[in-house]
Amino acid sequence: MNTKINILLAEDETSLGIIIKESLDSRNFNVTLCDNGEIAFQEFQKSTFDALVLDVMMPKKDGFTLAEEIRQINKTIPILFLTAKSQTD
């Protein structure tokens, strides 16, 4: 039996979030996309996830703050951070 891995993706840039979600969906992951850290935390509290992909710079709650709050609840869930800080124009 193949069970899909559930991933919480928090990305405020809509087009990038959709690209990442579609890419992971096509590889048989189940992805919940949230456009800010507050919504992502709410989703984390009401659902079960196997891994998190968090944008570092988001409105309302950044990825590092979100990760700290999640670590208070779950100390072992894998977290991958996304950043475009070094991106050039």
# chains A, B, ... in the order shown; residues from 1 in each chain; ligands from 1

call {"tool": "select_by_dssp", "arguments": {"residues": "chain A", "states": "helix (DSSP H, G or I)", "output": "ChimeraX atom specification"}}
result
/A:14-26,37-46,63-73

call {"tool": "write_last_selection", "arguments": {"atoms": "C-alpha atoms", "output": "short mmCIF file (atom, residue, chain, number, x, y, z; two decimals), in the first residue's frame"}}
result
data_model
loop_
_atom_site.label_atom_id
_atom_site.label_comp_id
_atom_site.auth_asym_id
_atom_site.auth_seq_id
_atom_site.Cartn_x
_atom_site.Cartn_y
_atom_site.Cartn_z
CA THR A 14 1.77 32.78 -5.37
CA SER A 15 3.43 31.70 -8.60
CA LEU A 16 6.37 30.05 -6.84
CA GLY A 17 4.05 28.30 -4.39
CA ILE A 18 1.98 26.88 -7.24
CA ILE A 19 5.08 25.69 -9.13
CA ILE A 20 6.46 23.92 -6.05
CA LYS A 21 3.07 22.42 -5.16
CA GLU A 22 2.49 21.12 -8.70
CA SER A 23 6.00 19.68 -8.84
CA LEU A 24 5.53 17.82 -5.56
CA ASP A 25 1.99 16.74 -6.50
CA SER A 26 3.34 15.23 -9.72
CA GLY A 37 2.86 31.80 8.34
CA GLU A 38 -0.29 32.33 10.38
CA ILE A 39 -2.41 30.23 8.04
CA ALA A 40 0.32 27.60 7.89
CA PHE A 41 0.35 27.32 11.69
CA GLN A 42 -3.44 26.92 11.74
CA GLU A 43 -3.19 24.15 9.12
CA PHE A 44 -0.41 22.46 11.08
CA GLN A 45 -2.59 22.40 14.19
CA LYS A 46 -5.59 20.82 12.47
CA GLY A 63 9.38 30.84 8.41
CA PHE A 64 11.85 30.87 11.31
CA THR A 65 9.19 32.04 13.78
CA LEU A 66 6.76 29.47 12.41
CA ALA A 67 9.37 26.73 12.81
CA GLU A 68 10.03 27.76 16.42
CA GLU A 69 6.32 27.54 17.23
CA ILE A 70 5.99 24.18 15.50
CA ARG A 71 9.04 22.85 17.37
CA GLN A 72 7.17 23.53 20.63
CA ILE A 73 4.57 21.00 19.42
#

call {"tool": "residues_around", "arguments": {"residues": "Thr83 in chain A", "least_positions_apart": "4", "cutoff": "12 Å", "atoms": "only C-alpha atoms", "output": "JSON, numbers by chain"}}
result
{"A": [10, 11, 12, 13, 16, 53, 54, 55, 56, 57, 58, 62, 63, 64, 87]}

call {"tool": "write_last_selection", "arguments": {"atoms": "N, CA, C and O atoms", "output": "compact mmCIF listing (two decimals), in the first residue's frame"}}
result
# COMPACT_ATOMS: atom_id res chain seq x y z
N ALA A 10 4.55 26.49 2.99
CA ALA A 10 4.22 27.89 3.29
C ALA A 10 5.08 28.77 2.39
O ALA A 10 6.30 28.83 2.54
N GLU A 11 4.43 29.44 1.44
CA GLU A 11 5.12 30.30 0.46
C GLU A 11 4.18 31.44 0.09
O GLU A 11 3.06 31.20 -0.38
N ASP A 12 4.63 32.68 0.30
CA ASP A 12 3.76 33.82 0.04
C ASP A 12 3.77 34.28 -1.41
O ASP A 12 2.85 34.98 -1.84
N GLU A 13 4.76 33.90 -2.18
CA GLU A 13 4.78 34.27 -3.60
C GLU A 13 3.94 33.24 -4.35
O GLU A 13 4.32 32.08 -4.51
N LEU A 16 5.37 31.00 -7.31
CA LEU A 16 6.37 30.05 -6.84
C LEU A 16 5.71 28.93 -6.03
O LEU A 16 6.05 27.76 -6.18
N VAL A 53 7.83 22.59 4.35
CA VAL A 53 8.67 23.42 3.48
C VAL A 53 8.23 24.85 3.75
O VAL A 53 7.09 25.22 3.44
N LEU A 54 9.11 25.65 4.34
CA LEU A 54 8.74 26.99 4.80
C LEU A 54 9.59 28.06 4.13
O LEU A 54 10.82 28.00 4.16
N ASP A 55 8.91 29.05 3.58
CA ASP A 55 9.59 30.24 3.08
C ASP A 55 10.10 31.01 4.29
O ASP A 55 9.42 31.13 5.30
N VAL A 56 11.30 31.52 4.19
CA VAL A 56 11.89 32.26 5.31
C VAL A 56 11.20 33.61 5.48
O VAL A 56 10.85 34.00 6.60
N MET A 57 10.98 34.34 4.38
CA MET A 57 10.42 35.68 4.46
C MET A 57 8.97 35.67 3.99
O MET A 57 8.70 35.63 2.79
N MET A 58 8.03 35.71 4.96
CA MET A 58 6.60 35.74 4.67
C MET A 58 5.94 36.82 5.50
O MET A 58 6.44 37.17 6.57
N ASP A 62 7.10 34.91 9.80
CA ASP A 62 8.16 34.40 8.93
C ASP A 62 8.42 32.91 9.21
O ASP A 62 7.95 32.36 10.20
N GLY A 63 9.14 32.28 8.32
CA GLY A 63 9.38 30.84 8.41
C GLY A 63 10.15 30.41 9.65
O GLY A 63 9.87 29.35 10.21
N PHE A 64 11.10 31.23 10.11
CA PHE A 64 11.85 30.87 11.31
C PHE A 64 10.97 30.92 12.55
O PHE A 64 11.04 30.03 13.40
N GLN A 87 18.88 36.14 -4.12
CA GLN A 87 18.43 36.20 -5.49
C GLN A 87 18.79 37.55 -6.12
O GLN A 87 18.64 38.60 -5.50

call {"tool": "atom_distance", "arguments": {"atom1": "CA of Lys61 in chain A", "atom2": "CA of Lys4 in chain A"}}
result
27.8 Å

call {"tool": "atom_distance", "arguments": {"atom1": "CA of Phe81 in chain A", "atom2": "CA of Leu52 in chain A"}}
result
8.3 Å

call {"tool": "closest_residue", "arguments": {"among": "A:Lys60, A:Leu8, A:Thr3, A:Leu33", "to": "Leu80 in chain A", "atoms": "only C-alpha atoms"}}
result
A:Leu8

call {"tool": "decode", "arguments": {"residues": "range 9-21 of chain A", "atoms": "N, CA and C atoms", "output": "mmCIF file, in the first residue's frame"}}
result
data_model
loop_
_atom_site.group_PDB
_atom_site.id
_atom_site.type_symbol
_atom_site.label_atom_id
_atom_site.label_comp_id
_atom_site.auth_asym_id
_atom_site.auth_seq_id
_atom_site.Cartn_x
_atom_site.Cartn_y
_atom_site.Cartn_z
ATOM 1 N N LEU A 9 3.366 23.299 2.834
ATOM 2 C CA LEU A 9 4.183 24.267 2.101
ATOM 3 C C LEU A 9 3.692 25.660 2.429
ATOM 4 N N ALA A 10 4.551 26.493 2.988
ATOM 5 C CA ALA A 10 4.225 27.885 3.286
ATOM 6 C C ALA A 10 5.077 28.770 2.391
ATOM 7 N N GLU A 11 4.427 29.440 1.442
ATOM 8 C CA GLU A 11 5.117 30.297 0.460
ATOM 9 C C GLU A 11 4.182 31.438 0.091
ATOM 10 N N ASP A 12 4.627 32.680 0.302
ATOM 11 C CA ASP A 12 3.760 33.823 0.039
ATOM 12 C C ASP A 12 3.769 34.284 -1.412
ATOM 13 N N GLU A 13 4.759 33.903 -2.182
ATOM 14 C CA GLU A 13 4.784 34.266 -3.603
ATOM 15 C C GLU A 13 3.936 33.237 -4.353
ATOM 16 N N THR A 14 2.776 33.680 -4.806
ATOM 17 C CA THR A 14 1.773 32.782 -5.367
ATOM 18 C C THR A 14 2.308 31.901 -6.486
ATOM 19 N N SER A 15 2.969 32.493 -7.462
ATOM 20 C CA SER A 15 3.428 31.701 -8.605
ATOM 21 C C SER A 15 4.461 30.653 -8.192
ATOM 22 N N LEU A 16 5.373 31.003 -7.313
ATOM 23 C CA LEU A 16 6.375 30.048 -6.843
ATOM 24 C C LEU A 16 5.711 28.932 -6.032
ATOM 25 N N GLY A 17 4.767 29.299 -5.186
ATOM 26 C CA GLY A 17 4.052 28.304 -4.395
ATOM 27 C C GLY A 17 3.330 27.295 -5.273
ATOM 28 N N ILE A 18 2.694 27.772 -6.321
ATOM 29 C CA ILE A 18 1.977 26.880 -7.238
ATOM 30 C C ILE A 18 2.948 25.959 -7.973
ATOM 31 N N ILE A 19 4.073 26.505 -8.427
ATOM 32 C CA ILE A 19 5.075 25.686 -9.126
ATOM 33 C C ILE A 19 5.595 24.575 -8.212
ATOM 34 N N ILE A 20 5.936 24.922 -6.981
ATOM 35 C CA ILE A 20 6.456 23.922 -6.046
ATOM 36 C C ILE A 20 5.385 22.882 -5.735
ATOM 37 N N LYS A 21 4.170 23.344 -5.475
ATOM 38 C CA LYS A 21 3.075 22.421 -5.163
ATOM 39 C C LYS A 21 2.834 21.459 -6.317
#
